[in-house]
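Structure first, commentary second.
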Amino acid sequence: MSSPALPLLCCALALSLPAAAAPSDEAPAPRPTARSKLLLTAGVSSIDGAAGGGLTPWAVTGTQATEHEVGGTAFVTRAVVSDYALTVKGATVGIHDRVELSLARQDFDAGVVVPRTTLKLDIAGVKLKLAGDAVLNSDTWQPQVAVGLFYKHLDPGSAVGGVLDSVGAKRHGVEVYASATKLLLAQGVLLNGTLRATQANQNGLLGFGTTGDRRMRLQPEFSVAKLLRKDLAIGAEYRFKPDRLAFAGPAFKESDWKDVFVAWAPNKHLSFTLAWVDLGQIVGHERQRGTYLSIQAGL
């Protein structure tokens, strides 16, 4: 696949490789083998595949892999609102607690608008940690900071594709984001802020940009979580969305997304996230509210 994501993926892989050590007569220090991340501090799988909350990426790298390890997770998510349903499947690889690679597939049931129509959105992502450590710096004010990129490709089907062509929406696009995550371990509170540069309409499910507007727009996203105990957290998210298709009529108005969630991790290999979501208006249907369930398993 040739896309803007490939150079950054290659760069991220190169950065994740250990540097060559200078010759030494001393035996190398043993590397830890036990994964020591605290439960839930690596987040859960977002709908775009990256580790974070359900709606937005965080600066943490997914999986339980520490700085000397490579780990992987797989997830499945199902969101059902008043008139629509979304299924997401994906996987994430965490490399040395520095680089995260992710793949996700979104299947959006749009049958209420066009019978027997499912929008299919494929997402490849990469995230690179730049500074800080959410756990090790939890007693300071320094957050963990990361940057990331999503490459998204949409298969809208012929009927919806014709509508997207009429407004000049592209089938593929790139999103770039920066996230800062602060864990206040003593208080059991996690805070995250993400700034996303995007051309996407409805996260990419209605294409990218329009004939008269190809600009990347900056959209803030916020998350807060409270650790009730080491394996249980509650929280909320708010994700601002561009309203790029409003010129096509009130039916195409795009609303901000928000949720309230509870996440439970019985062990380091399994987590469950249940949320109430409010997606606002989607293609002429207002008050799209419902439930969200995500299951994540990892090594």
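FYI, nothing fancy with the structure tokens labels: chains A, B, ... in order, residues from 1 per chain, ligands from 1 as they appear.
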Selection near Asn192 of chain A, 10 Å with only C-alpha atoms, sequence-local residues under 3 positions removed, as a list in words |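 Returned residues: Gly52, Gly53, Thr56, Pro57, Trp58, Ala59, Val60, Pro143, Gln144, Val145, Ser179, Ala180, Thr181, Lys182, Leu183, Glu221, Phe222, Ser223, Val224, Ala225 and Glu237 of chain A.
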Write out as a Markdown table a residue-level contact list of segment 189-248 of chain A versus segment 131-138 of chain A with cut-off 12 Å: for each qualifying residue the closest pair of atoms and the distance in Å to one decimal, counting only C-alpha atoms, rows sorted by chain and residue number upward.
```
| residue | atom | partner | partner_atom | distance |
| --- | --- | --- | --- | --- |
| A:Val189 | CA | A:Ser138 | CA | 10.0 |
| A:Leu190 | CA | A:Ala134 | CA | 9.0 |
| A:Leu191 | CA | A:Ala134 | CA | 10.2 |
| A:Asn192 | CA | A:Ala134 | CA | 10.6 |
```
Print the selection's residues with N, CA, C and O atoms to a file, as a short mmCIF file (atom, residue, chain, number, x, y, z; two decimals), in the first residue's frame.
```cif
data_model
loop_
_atom_site.label_atom_id
_atom_site.label_comp_id
_atom_site.auth_asym_id
_atom_site.auth_seq_id
_atom_site.Cartn_x
_atom_site.Cartn_y
_atom_site.Cartn_z
N VAL A 189 -6.47 9.45 39.47
CA VAL A 189 -7.10 10.21 38.40
C VAL A 189 -6.20 10.24 37.17
O VAL A 189 -4.98 10.44 37.31
N LEU A 190 -6.78 10.03 36.02
CA LEU A 190 -6.06 10.15 34.75
C LEU A 190 -6.73 11.22 33.91
O LEU A 190 -7.95 11.24 33.75
N LEU A 191 -5.90 12.12 33.36
CA LEU A 191 -6.37 13.20 32.51
C LEU A 191 -5.69 13.10 31.16
O LEU A 191 -4.49 12.81 31.08
N ASN A 192 -6.44 13.34 30.09
CA ASN A 192 -5.84 13.31 28.76
C ASN A 192 -6.41 14.42 27.89
O ASN A 192 -7.61 14.70 27.91
#
```
Which is closest to Asp256 of chain A among A:His285, A:Lys37, A:Arg239, A:Lys170, if we use only C-alpha atoms?
->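 Among A:His285, A:Lys37, A:Arg239, A:Lys170, it is A:Arg239 that comes nearest to Asp256 of chain A.
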Can you list, as JSON, numbers by chain, every protein, DNA or RNA residue that comes within 7 Å of Gln281 of chain A when you count only C-alpha atoms, leaving out same-chain residues fewer than 5 positions away?
-> {"A": [253, 254, 255, 286, 287, 288]}
May I have a table of the residues of segment 106-201 of chain A lying at most 10 Å from segment 71-85 of chain A, giving each one's closest pair of atoms and their distance in Å to one decimal, counting only C-alpha atoms, ordered by chain and ascending residue number, as a Markdown table?
```
| residue | atom | partner | partner_atom | distance |
| --- | --- | --- | --- | --- |
| A:Gln106 | CA | A:Thr77 | CA | 9.2 |
| A:Asp107 | CA | A:Ala85 | CA | 8.4 |
| A:Phe108 | CA | A:Ala85 | CA | 6.0 |
| A:Asp109 | CA | A:Ala85 | CA | 5.3 |
| A:Ala110 | CA | A:Tyr84 | CA | 6.3 |
| A:Gly111 | CA | A:Tyr84 | CA | 7.8 |
| A:Val112 | CA | A:Asp83 | CA | 6.5 |
| A:Val113 | CA | A:Asp83 | CA | 9.2 |
| A:Thr118 | CA | A:Ala85 | CA | 9.7 |
```
Nearest to Gln187 of chain A among A:Leu40, A:Leu228, A:Leu218, A:Ala169, with distances taken over only C-alpha atoms: which residue is it?
->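 Looking at the shortest contact to Gln187 of chain A, the residue is A:Leu228.
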Top pick for closest residue to Gly284 of chain A, considering A:Leu299, A:Ala248, A:Val260, A:Gly235 and counting only C-alpha atoms =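 Smallest distance to Gly284 of chain A is found for A:Ala248.
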Please return as a PDB file with all heavy atoms, in the first residue's frame: the residues of segment 24-193 of chain A that backbone DSSP assigns to helix (DSSP H, G or I).
```pdb
ATOM      1  N   GLY A 157     -19.604   1.895  -0.740  1.00  0.00           N
ATOM      2  CA  GLY A 157     -20.631   1.293  -1.581  1.00  0.00           C
ATOM      3  C   GLY A 157     -21.082   2.275  -2.652  1.00  0.00           C
ATOM      4  O   GLY A 157     -20.823   3.486  -2.571  1.00  0.00           O
ATOM      5  N   SER A 158     -21.779   1.786  -3.651  1.00  0.00           N
ATOM      6  CA  SER A 158     -22.115   2.624  -4.799  1.00  0.00           C
ATOM      7  C   SER A 158     -23.127   3.726  -4.460  1.00  0.00           C
ATOM      8  O   SER A 158     -22.976   4.870  -4.905  1.00  0.00           O
ATOM      9  CB  SER A 158     -22.661   1.753  -5.930  1.00  0.00           C
ATOM     10  OG  SER A 158     -23.808   1.021  -5.504  1.00  0.00           O
ATOM     11  N   ALA A 159     -24.150   3.410  -3.680  1.00  0.00           N
ATOM     12  CA  ALA A 159     -25.200   4.399  -3.398  1.00  0.00           C
ATOM     13  C   ALA A 159     -24.656   5.565  -2.581  1.00  0.00           C
ATOM     14  O   ALA A 159     -24.808   6.736  -2.951  1.00  0.00           O
ATOM     15  CB  ALA A 159     -26.368   3.735  -2.681  1.00  0.00           C
ATOM     16  N   VAL A 160     -24.013   5.278  -1.445  1.00  0.00           N
ATOM     17  CA  VAL A 160     -23.461   6.349  -0.617  1.00  0.00           C
ATOM     18  C   VAL A 160     -22.283   7.004  -1.335  1.00  0.00           C
ATOM     19  O   VAL A 160     -22.064   8.212  -1.218  1.00  0.00           O
ATOM     20  CB  VAL A 160     -23.043   5.797   0.761  1.00  0.00           C
ATOM     21  CG1 VAL A 160     -22.363   6.888   1.597  1.00  0.00           C
ATOM     22  CG2 VAL A 160     -24.252   5.249   1.505  1.00  0.00           C
ATOM     23  N   GLY A 161     -21.532   6.198  -2.090  1.00  0.00           N
ATOM     24  CA  GLY A 161     -20.410   6.759  -2.835  1.00  0.00           C
ATOM     25  C   GLY A 161     -20.850   7.852  -3.795  1.00  0.00           C
ATOM     26  O   GLY A 161     -20.161   8.863  -3.973  1.00  0.00           O
ATOM     27  N   GLY A 162     -22.001   7.689  -4.417  1.00  0.00           N
ATOM     28  CA  GLY A 162     -22.520   8.725  -5.309  1.00  0.00           C
ATOM     29  C   GLY A 162     -22.812  10.019  -4.583  1.00  0.00           C
ATOM     30  O   GLY A 162     -22.558  11.114  -5.109  1.00  0.00           O
ATOM     31  N   VAL A 163     -23.344   9.913  -3.361  1.00  0.00           N
ATOM     32  CA  VAL A 163     -23.614  11.108  -2.553  1.00  0.00           C
ATOM     33  C   VAL A 163     -22.300  11.800  -2.198  1.00  0.00           C
ATOM     34  O   VAL A 163     -22.191  13.035  -2.274  1.00  0.00           O
ATOM     35  CB  VAL A 163     -24.392  10.732  -1.285  1.00  0.00           C
ATOM     36  CG1 VAL A 163     -24.576  11.960  -0.391  1.00  0.00           C
ATOM     37  CG2 VAL A 163     -25.744  10.134  -1.642  1.00  0.00           C
ATOM     38  N   LEU A 164     -21.286  11.023  -1.805  1.00  0.00           N
ATOM     39  CA  LEU A 164     -19.994  11.608  -1.448  1.00  0.00           C
ATOM     40  C   LEU A 164     -19.349  12.281  -2.650  1.00  0.00           C
ATOM     41  O   LEU A 164     -18.732  13.354  -2.522  1.00  0.00           O
ATOM     42  CB  LEU A 164     -19.077  10.538  -0.866  1.00  0.00           C
ATOM     43  CG  LEU A 164     -19.572   9.842   0.413  1.00  0.00           C
ATOM     44  CD1 LEU A 164     -18.523   8.881   0.943  1.00  0.00           C
ATOM     45  CD2 LEU A 164     -19.957  10.856   1.474  1.00  0.00           C
ATOM     46  N   ASP A 165     -19.492  11.660  -3.833  1.00  0.00           N
ATOM     47  CA  ASP A 165     -18.940  12.280  -5.044  1.00  0.00           C
ATOM     48  C   ASP A 165     -19.611  13.623  -5.332  1.00  0.00           C
ATOM     49  O   ASP A 165     -18.968  14.563  -5.822  1.00  0.00           O
ATOM     50  CB  ASP A 165     -19.134  11.346  -6.241  1.00  0.00           C
ATOM     51  CG  ASP A 165     -18.255  10.114  -6.173  1.00  0.00           C
ATOM     52  OD1 ASP A 165     -17.259  10.138  -5.428  1.00  0.00           O
ATOM     53  OD2 ASP A 165     -18.575   9.113  -6.856  1.00  0.00           O
ATOM     54  N   SER A 166     -20.894  13.737  -5.012  1.00  0.00           N
ATOM     55  CA  SER A 166     -21.625  14.975  -5.312  1.00  0.00           C
ATOM     56  C   SER A 166     -21.124  16.151  -4.489  1.00  0.00           C
ATOM     57  O   SER A 166     -21.288  17.307  -4.897  1.00  0.00           O
ATOM     58  CB  SER A 166     -23.123  14.764  -5.073  1.00  0.00           C
ATOM     59  OG  SER A 166     -23.409  14.657  -3.683  1.00  0.00           O
ATOM     60  N   VAL A 167     -20.515  15.889  -3.327  1.00  0.00           N
ATOM     61  CA  VAL A 167     -19.975  16.974  -2.494  1.00  0.00           C
ATOM     62  C   VAL A 167     -18.451  17.014  -2.545  1.00  0.00           C
ATOM     63  O   VAL A 167     -17.820  17.831  -1.866  1.00  0.00           O
ATOM     64  CB  VAL A 167     -20.453  16.844  -1.028  1.00  0.00           C
ATOM     65  CG1 VAL A 167     -21.960  16.992  -0.940  1.00  0.00           C
ATOM     66  CG2 VAL A 167     -19.989  15.534  -0.402  1.00  0.00           C
TER      67      VAL A 167
END
```
May I ask which of the residues A:Pro156, A:Gly173, A:Val88, A:Asp139 is the closest one to Arg116 of chain A, counting only C-alpha atoms?
->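 The closest residue to Arg116 of chain A is A:Pro156.
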